[in-house]
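Just below is one structure, and these are the notes that go with it.
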There are 2 protein chains.
Amino acid sequence: MKQPIGVIDSGVGGLTVARELMRQLPKERFLYLGDTERCPYGPRSEDEVRAFTWQMVNHLLEKNIKMLVIACNTATAYTLSELQEQLSIPVIGVIEPGARAAIKVSQNKRIGVIGTEGTIQSEAYPEALKAIDPTIRVNDLSCPPFVPMVEEGILSGPVAEGVVKRTLAPLKEMNHIDTLILGCTHYPLIKQLVQEEMGDHIQVISSGEETAREASLILAYHRALDTSDEEPVHEFYTTGDIEKFRVVANSWFEDPVKILELVKIEHTKSSAY
Amino acid sequence: MKQPIGVIDSGVGGLTVARELMRQLPKERFLYLGDTERCPYGPRSEDEVRAFTWQMVNHLLEKNIKMLVIACNTATAYTLSELQEQLSIPVIGVIEPGARAAIKVSQNKRIGVIGTEGTIQSEAYPEALKAIDPTIRVNDLSCPPFVPMVEEGILSGPVAEGVVKRTLAPLKEMNHIDTLILGCTHYPLIKQLVQEEMGDHIQVISSGEETAREASLILAYHRALDTSDEEPVHEFYTTGDIEKFRVVANSWFEDPVKILELVKIEHTKSSAY
């Protein structure tokens, strides 16, 4: 059995990251765990997000993963440092890969970031960008309607176009950025709409693609790339409704997704329940 | 004094990588050593390239570098593995970053690679690509006229266009690739010509940009990014003629390059001398 790579997310958004991981690392085996029952993480407190994330991590650690990918911007913002310090396996999040990719392509050093309220309030992107280059100017904007819209499967058409247009208006008015980071793993599903609204002169960075690229580097760096010819069999877990997860996952993946397990995570009841 | 990052190259080509490193990591201090006296490495034997590279590495190790970037495809092809095994600091080359970037952007998994005779003969790019995804098909082509042309400063105009057109003809005829890796650090200087000749449908990957991006990740991963506000002062060394190096370097960089030292490396005379 291949030693797998664990991927965790607050729900289904991280599947866009998983899809890129599978595309860019086709020999690797992935275990995906989406905390759909407690999704979204965006409006939750830092303590809650940390507790939920650790529960998912502990579940995957029991399955002998060789690397952990936090495929959720909010969870990355709140837990990446402590997971990197406390786990003995490599841990990567989705924020720094997007930041580094934006620094690579931006010519005028004015970078836009869109994400959930939690991600934007955490200032994780501006911090990641300015840690590398303090002269970078960041325009960020939280886009609360995007996640619910994507979760409902509204990915194109006049309703989606209208929501994208109205939501991005404040960012577009500033009109100085040359690069825009999609700071939420749901957003790649409406990347085309965002690109059309912002204009062709804006380079739109998808954190998922960049995270997969960096996961590839970190695996190679640790000489942990899978070298067997065995076809990988991925596994998907959800804390919530299996059928709902399957419908969304199947609409995003080319191959039908086999949901292998419903994970019931023991958790302290929070105010959200 | 900031702990610097060492960058080695067979000559001046690696300056394109250094320029990207400085742009993407503006707080870091770089020491560049170009072995211009023994350039080019492309047609040399593996043993010679290994011996020359180790001489440069030993010179920079005395300067307490925290990371080494091999900014030369030929030297990367022949020495990366042993340097990574034997040095206690992180070592990155220019081949794998280009390969990973190509895998990220290619949709049809047909990737072209152009480079020196040595790089192409080493098959380092096909090996790096297929190690990650065995289904990738690679079309590679050595382009011997490109390095001398760039070294002469012929970067545009009818002569350069003619050379690029004739040299790339075999690759263009195949016409199936959707991504082309510039597998030589001189080639970014004629990237525009290559792009125009190959067509807009081909995504052209510059190893230098990608290497700088990965250097940024590896530094962050080791928590070795420079956090001081001190302005970095870079140093450039050459084994050859200082004035010739200065002229080329100044034509490539926006800021005039201060050559701080002429390095005379002790070496066993090879058949090339």
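By convention here, the chains of the structure tokens are called A, B, ... in the order presented, each chain's residues are numbered starting at 1, and ligands are numbered starting at 1 in the order presented.
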Contact residues (chain B, partner chain A, 7 Å, only C-alpha atoms) as an MDAnalysis selection string: chainID B and resid 24:27 100 103:104 132:133 209 213
Take the residues from that selection and put them in a file with all heavy atoms, as a JSON list (two decimals), in the first residue's frame.
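So the final result, stored in selection-v9.json, reads:
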```json
[["chain", "number", "residue", "atom", "x", "y", "z"],
["B", 24, "GLN", "N", 12.17, 38.47, -6.74],
["B", 24, "GLN", "CA", 11.17, 37.75, -5.95],
["B", 24, "GLN", "C", 11.54, 37.64, -4.47],
["B", 24, "GLN", "O", 10.69, 37.35, -3.64],
["B", 24, "GLN", "CB", 10.94, 36.35, -6.53],
["B", 24, "GLN", "CG", 10.29, 36.37, -7.92],
["B", 24, "GLN", "CD", 9.96, 34.98, -8.44],
["B", 24, "GLN", "OE1", 9.52, 34.13, -7.71],
["B", 24, "GLN", "NE2", 10.20, 34.76, -9.72],
["B", 25, "LEU", "N", 12.81, 37.86, -4.14],
["B", 25, "LEU", "CA", 13.27, 37.80, -2.74],
["B", 25, "LEU", "C", 14.10, 39.06, -2.45],
["B", 25, "LEU", "O", 15.30, 38.98, -2.21],
["B", 25, "LEU", "CB", 14.12, 36.54, -2.53],
["B", 25, "LEU", "CG", 13.36, 35.21, -2.52],
["B", 25, "LEU", "CD1", 14.32, 34.04, -2.69],
["B", 25, "LEU", "CD2", 12.58, 35.06, -1.21],
["B", 26, "PRO", "N", 13.43, 40.23, -2.43],
["B", 26, "PRO", "CA", 14.18, 41.50, -2.38],
["B", 26, "PRO", "C", 14.90, 41.75, -1.05],
["B", 26, "PRO", "O", 15.73, 42.65, -0.98],
["B", 26, "PRO", "CB", 13.10, 42.56, -2.64],
["B", 26, "PRO", "CG", 11.82, 41.91, -2.23],
["B", 26, "PRO", "CD", 11.97, 40.45, -2.55],
["B", 27, "LYS", "N", 14.58, 40.97, 0.00],
["B", 27, "LYS", "CA", 15.26, 41.19, 1.27],
["B", 27, "LYS", "C", 16.52, 40.33, 1.41],
["B", 27, "LYS", "O", 17.28, 40.50, 2.37],
["B", 27, "LYS", "CB", 14.30, 40.86, 2.44],
["B", 27, "LYS", "CG", 13.08, 41.78, 2.47],
["B", 27, "LYS", "CD", 12.12, 41.41, 3.58],
["B", 27, "LYS", "CE", 12.63, 41.90, 4.93],
["B", 27, "LYS", "NZ", 11.62, 41.72, 6.00],
["B", 100, "ARG", "N", 8.36, 21.15, -12.92],
["B", 100, "ARG", "CA", 7.11, 21.23, -12.15],
["B", 100, "ARG", "C", 6.17, 22.32, -12.70],
["B", 100, "ARG", "O", 4.95, 22.14, -12.73],
["B", 100, "ARG", "CB", 7.41, 21.48, -10.67],
["B", 100, "ARG", "CG", 7.73, 20.21, -9.90],
["B", 100, "ARG", "CD", 7.91, 20.50, -8.42],
["B", 100, "ARG", "NE", 9.20, 21.10, -8.14],
["B", 100, "ARG", "CZ", 10.31, 20.43, -7.81],
["B", 100, "ARG", "NH1", 10.29, 19.13, -7.70],
["B", 100, "ARG", "NH2", 11.44, 21.06, -7.59],
["B", 103, "ILE", "N", 4.49, 20.97, -15.80],
["B", 103, "ILE", "CA", 3.42, 20.02, -15.45],
["B", 103, "ILE", "C", 2.18, 20.78, -14.98],
["B", 103, "ILE", "O", 1.05, 20.41, -15.29],
["B", 103, "ILE", "CB", 3.91, 19.03, -14.38],
["B", 103, "ILE", "CG1", 4.88, 18.02, -15.03],
["B", 103, "ILE", "CG2", 2.74, 18.30, -13.70],
["B", 103, "ILE", "CD1", 5.57, 17.10, -14.06],
["B", 104, "LYS", "N", 2.41, 21.88, -14.27],
["B", 104, "LYS", "CA", 1.28, 22.67, -13.77],
["B", 104, "LYS", "C", 0.46, 23.24, -14.94],
["B", 104, "LYS", "O", -0.76, 23.21, -14.91],
["B", 104, "LYS", "CB", 1.76, 23.80, -12.86],
["B", 104, "LYS", "CG", 0.65, 24.45, -12.05],
["B", 104, "LYS", "CD", 1.08, 25.76, -11.42],
["B", 104, "LYS", "CE", 1.03, 26.87, -12.44],
["B", 104, "LYS", "NZ", 1.38, 28.18, -11.88],
["B", 132, "ILE", "N", 7.62, 12.35, -12.22],
["B", 132, "ILE", "CA", 6.37, 12.83, -11.61],
["B", 132, "ILE", "C", 5.16, 12.26, -12.35],
["B", 132, "ILE", "O", 4.20, 11.81, -11.73],
["B", 132, "ILE", "CB", 6.33, 14.37, -11.62],
["B", 132, "ILE", "CG1", 7.49, 14.92, -10.79],
["B", 132, "ILE", "CG2", 5.00, 14.88, -11.08],
["B", 132, "ILE", "CD1", 7.70, 16.42, -10.92],
["B", 133, "ASP", "N", 5.21, 12.27, -13.69],
["B", 133, "ASP", "CA", 4.08, 11.78, -14.48],
["B", 133, "ASP", "C", 4.59, 11.00, -15.68],
["B", 133, "ASP", "O", 5.00, 11.59, -16.69],
["B", 133, "ASP", "CB", 3.21, 12.96, -14.94],
["B", 133, "ASP", "CG", 1.95, 12.50, -15.64],
["B", 133, "ASP", "OD1", 1.83, 11.30, -15.95],
["B", 133, "ASP", "OD2", 1.06, 13.35, -15.87],
["B", 209, "GLU", "N", 12.64, 32.11, -13.47],
["B", 209, "GLU", "CA", 11.50, 32.59, -12.66],
["B", 209, "GLU", "C", 11.02, 31.50, -11.72],
["B", 209, "GLU", "O", 10.68, 31.75, -10.57],
["B", 209, "GLU", "CB", 10.33, 32.99, -13.57],
["B", 209, "GLU", "CG", 10.56, 34.24, -14.38],
["B", 209, "GLU", "CD", 9.46, 34.45, -15.40],
["B", 209, "GLU", "OE1", 8.36, 33.90, -15.23],
["B", 209, "GLU", "OE2", 9.70, 35.18, -16.40],
["B", 213, "ARG", "N", 11.05, 31.21, -7.52],
["B", 213, "ARG", "CA", 9.83, 30.87, -6.78],
["B", 213, "ARG", "C", 10.08, 29.71, -5.82],
["B", 213, "ARG", "O", 9.68, 29.75, -4.65],
["B", 213, "ARG", "CB", 8.75, 30.52, -7.80],
["B", 213, "ARG", "CG", 7.64, 29.64, -7.31],
["B", 213, "ARG", "CD", 6.52, 30.45, -6.72],
["B", 213, "ARG", "NE", 5.50, 29.56, -6.18],
["B", 213, "ARG", "CZ", 4.52, 28.98, -6.88],
["B", 213, "ARG", "NH1", 4.43, 29.22, -8.17],
["B", 213, "ARG", "NH2", 3.66, 28.20, -6.31]]
```
Which of segment 10-244 of chain A fall in alpha helix (DSSP H), as a PyMOL selection string: chain A and resi 15-24+46-61+73-86+95-105+117-122+124-132+146-151+158-174+191-198+207-221+242-244
Those in segment 63-219 of chain B with strand (DSSP E) from DSSP, as a list in words: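 Secondary structure check on segment 63-219 of chain B, strand (DSSP E): Met67, Leu68, Val69, Ile70, Val91, Ile92, Arg110, Ile111, Gly112, Val113, Ile114, Gly115, Arg137, Val138, Asn139, Asp140, Leu141, Ser142, Thr179, Leu180, Ile181, Leu182, Gln203, Val204, Ile205 and Ser206 of chain B.
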Atom-to-atom span, atom CA of Ile265 of chain A and atom CA of Arg29 of chain A, Å: 22.7 Å
Surrounding residues of segment 250-260 of chain A excluding itself and chain neighbours under 6 positions, 12 Å, only C-alpha atoms, as a PyMOL selection string: chain A and resi 12-20+22-23+31-34+150-155+186+188-190+233-244
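The space between atom CA of Val94 of chain B and atom CA of Thr185 of chain B spans 8.4 Å.
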Residue nearest Ala71 of chain B - candidates B:Leu262, B:Ile95, B:Val163, B:Leu141, atoms counted: only C-alpha atoms: B:Ile95
Atom pair atom CA of Tyr125 of chain B / atom CA of Val204 of chain B: separation (Å):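 About the pair atom CA of Tyr125 of chain B and atom CA of Val204 of chain B: they are 14.9 Å apart.
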Nearby residues (only C-alpha atoms) at most 9 Å from Thr53 of chain B, same-chain spacing under 5 positions excluded, as a VMD selection string: chain B and resid 8 to 10 35 48 58 70 75 79
For the residues in the current selection, export N, CA, C and O atoms as a PDB file, in the first residue's frame.
```pdb
ATOM      1  N   ILE B   8      25.604  29.891  -8.372  1.00  0.00           N
ATOM      2  CA  ILE B   8      26.723  29.588  -9.253  1.00  0.00           C
ATOM      3  C   ILE B   8      26.231  29.327 -10.669  1.00  0.00           C
ATOM      4  O   ILE B   8      25.120  28.859 -10.894  1.00  0.00           O
ATOM      5  N   ASP B   9      27.097  29.685 -11.626  1.00  0.00           N
ATOM      6  CA  ASP B   9      26.764  29.432 -13.032  1.00  0.00           C
ATOM      7  C   ASP B   9      28.062  29.273 -13.809  1.00  0.00           C
ATOM      8  O   ASP B   9      29.127  29.693 -13.373  1.00  0.00           O
ATOM      9  N   SER B  10      27.940  28.678 -14.973  1.00  0.00           N
ATOM     10  CA  SER B  10      29.106  28.527 -15.838  1.00  0.00           C
ATOM     11  C   SER B  10      29.600  29.879 -16.356  1.00  0.00           C
ATOM     12  O   SER B  10      30.718  29.977 -16.838  1.00  0.00           O
ATOM     13  N   ASP B  35      31.590  31.191 -13.720  1.00  0.00           N
ATOM     14  CA  ASP B  35      32.869  30.612 -14.158  1.00  0.00           C
ATOM     15  C   ASP B  35      33.135  30.974 -15.621  1.00  0.00           C
ATOM     16  O   ASP B  35      33.376  30.108 -16.467  1.00  0.00           O
ATOM     17  N   GLU B  48      34.319  16.842 -16.019  1.00  0.00           N
ATOM     18  CA  GLU B  48      34.808  18.226 -15.988  1.00  0.00           C
ATOM     19  C   GLU B  48      33.800  19.150 -15.309  1.00  0.00           C
ATOM     20  O   GLU B  48      34.151  19.953 -14.444  1.00  0.00           O
ATOM     21  N   ASN B  58      32.839  25.111  -3.282  1.00  0.00           N
ATOM     22  CA  ASN B  58      33.751  25.236  -2.140  1.00  0.00           C
ATOM     23  C   ASN B  58      34.114  26.698  -1.873  1.00  0.00           C
ATOM     24  O   ASN B  58      34.254  27.116  -0.724  1.00  0.00           O
ATOM     25  N   ILE B  70      22.010  26.358  -8.020  1.00  0.00           N
ATOM     26  CA  ILE B  70      22.810  26.035  -9.207  1.00  0.00           C
ATOM     27  C   ILE B  70      22.073  26.607 -10.408  1.00  0.00           C
ATOM     28  O   ILE B  70      21.110  26.018 -10.897  1.00  0.00           O
ATOM     29  N   ALA B  75      25.204  22.113 -15.170  1.00  0.00           N
ATOM     30  CA  ALA B  75      25.731  21.778 -13.842  1.00  0.00           C
ATOM     31  C   ALA B  75      24.657  21.117 -12.978  1.00  0.00           C
ATOM     32  O   ALA B  75      24.942  20.181 -12.228  1.00  0.00           O
ATOM     33  N   THR B  79      25.274  17.520 -11.257  1.00  0.00           N
ATOM     34  CA  THR B  79      25.765  17.588  -9.870  1.00  0.00           C
ATOM     35  C   THR B  79      24.698  17.764  -8.798  1.00  0.00           C
ATOM     36  O   THR B  79      25.012  17.675  -7.611  1.00  0.00           O
TER      37      THR B  79
END
```
Test item: residues at most 10 Å from Ser45 of chain A, only C-alpha atoms, excluding those fewer than 5 positions along its chain, as a list in words: Arg50, Tyr78 and Gly118 of chain A
Kindly export the residues of the current selection with N, CA and C atoms, as a PDB file, in the first residue's frame.
```
ATOM      1  N   ARG A  50      -9.440  26.084  14.927  1.00  0.00           N
ATOM      2  CA  ARG A  50      -8.272  25.303  15.361  1.00  0.00           C
ATOM      3  C   ARG A  50      -8.704  23.942  15.906  1.00  0.00           C
ATOM      4  N   TYR A  78      -5.238  30.052  10.393  1.00  0.00           N
ATOM      5  CA  TYR A  78      -5.251  29.906  11.849  1.00  0.00           C
ATOM      6  C   TYR A  78      -4.351  28.785  12.378  1.00  0.00           C
ATOM      7  N   GLY A 118     -13.185  35.342   7.236  1.00  0.00           N
ATOM      8  CA  GLY A 118     -12.143  34.869   8.148  1.00  0.00           C
ATOM      9  C   GLY A 118     -10.756  35.036   7.565  1.00  0.00           C
TER      10      GLY A 118
END
```
Residue neighbourhood Ser122 of chain A, 10 Å, only C-alpha atoms, exclusion window fewer than 6 positions, as JSON, numbers by chain: {"A": [46, 74, 77, 78, 116]}
With all heavy atoms retained, export the selected residues as an mmCIF file, in the first residue's frame.
```cif
data_model
loop_
_atom_site.group_PDB
_atom_site.id
_atom_site.type_symbol
_atom_site.label_atom_id
_atom_site.label_comp_id
_atom_site.auth_asym_id
_atom_site.auth_seq_id
_atom_site.Cartn_x
_atom_site.Cartn_y
_atom_site.Cartn_z
ATOM 1 N N GLU A 46 -11.438 31.762 15.703
ATOM 2 C CA GLU A 46 -10.145 31.101 15.535
ATOM 3 C C GLU A 46 -10.081 29.817 16.374
ATOM 4 O O GLU A 46 -9.605 28.782 15.900
ATOM 5 C CB GLU A 46 -9.019 32.062 15.945
ATOM 6 C CG GLU A 46 -7.660 31.413 15.878
ATOM 7 C CD GLU A 46 -6.518 32.414 15.991
ATOM 8 O OE1 GLU A 46 -6.767 33.638 15.982
ATOM 9 O OE2 GLU A 46 -5.363 31.950 16.087
ATOM 10 N N THR A 74 -9.043 29.421 5.435
ATOM 11 C CA THR A 74 -9.306 29.825 6.812
ATOM 12 C C THR A 74 -8.502 28.961 7.779
ATOM 13 O O THR A 74 -7.846 29.471 8.697
ATOM 14 C CB THR A 74 -10.818 29.712 7.122
ATOM 15 O OG1 THR A 74 -11.558 30.295 6.039
ATOM 16 C CG2 THR A 74 -11.161 30.438 8.396
ATOM 17 N N ALA A 77 -4.877 29.860 7.626
ATOM 18 C CA ALA A 77 -4.576 31.124 8.307
ATOM 19 C C ALA A 77 -4.424 30.917 9.812
ATOM 20 O O ALA A 77 -3.561 31.518 10.454
ATOM 21 C CB ALA A 77 -5.689 32.140 8.019
ATOM 22 N N TYR A 78 -5.238 30.052 10.393
ATOM 23 C CA TYR A 78 -5.251 29.906 11.849
ATOM 24 C C TYR A 78 -4.351 28.785 12.378
ATOM 25 O O TYR A 78 -3.999 28.793 13.555
ATOM 26 C CB TYR A 78 -6.685 29.650 12.340
ATOM 27 C CG TYR A 78 -7.627 30.828 12.187
ATOM 28 C CD1 TYR A 78 -8.953 30.644 11.826
ATOM 29 C CD2 TYR A 78 -7.188 32.144 12.425
ATOM 30 C CE1 TYR A 78 -9.825 31.721 11.709
ATOM 31 C CE2 TYR A 78 -8.052 33.215 12.295
ATOM 32 C CZ TYR A 78 -9.371 33.005 11.931
ATOM 33 O OH TYR A 78 -10.229 34.069 11.808
ATOM 34 N N THR A 116 -12.773 34.558 2.062
ATOM 35 C CA THR A 116 -13.865 34.618 3.041
ATOM 36 C C THR A 116 -13.583 35.722 4.066
ATOM 37 O O THR A 116 -12.469 36.234 4.148
ATOM 38 C CB THR A 116 -14.004 33.287 3.804
ATOM 39 O OG1 THR A 116 -12.823 33.103 4.592
ATOM 40 C CG2 THR A 116 -14.191 32.111 2.871
#
```
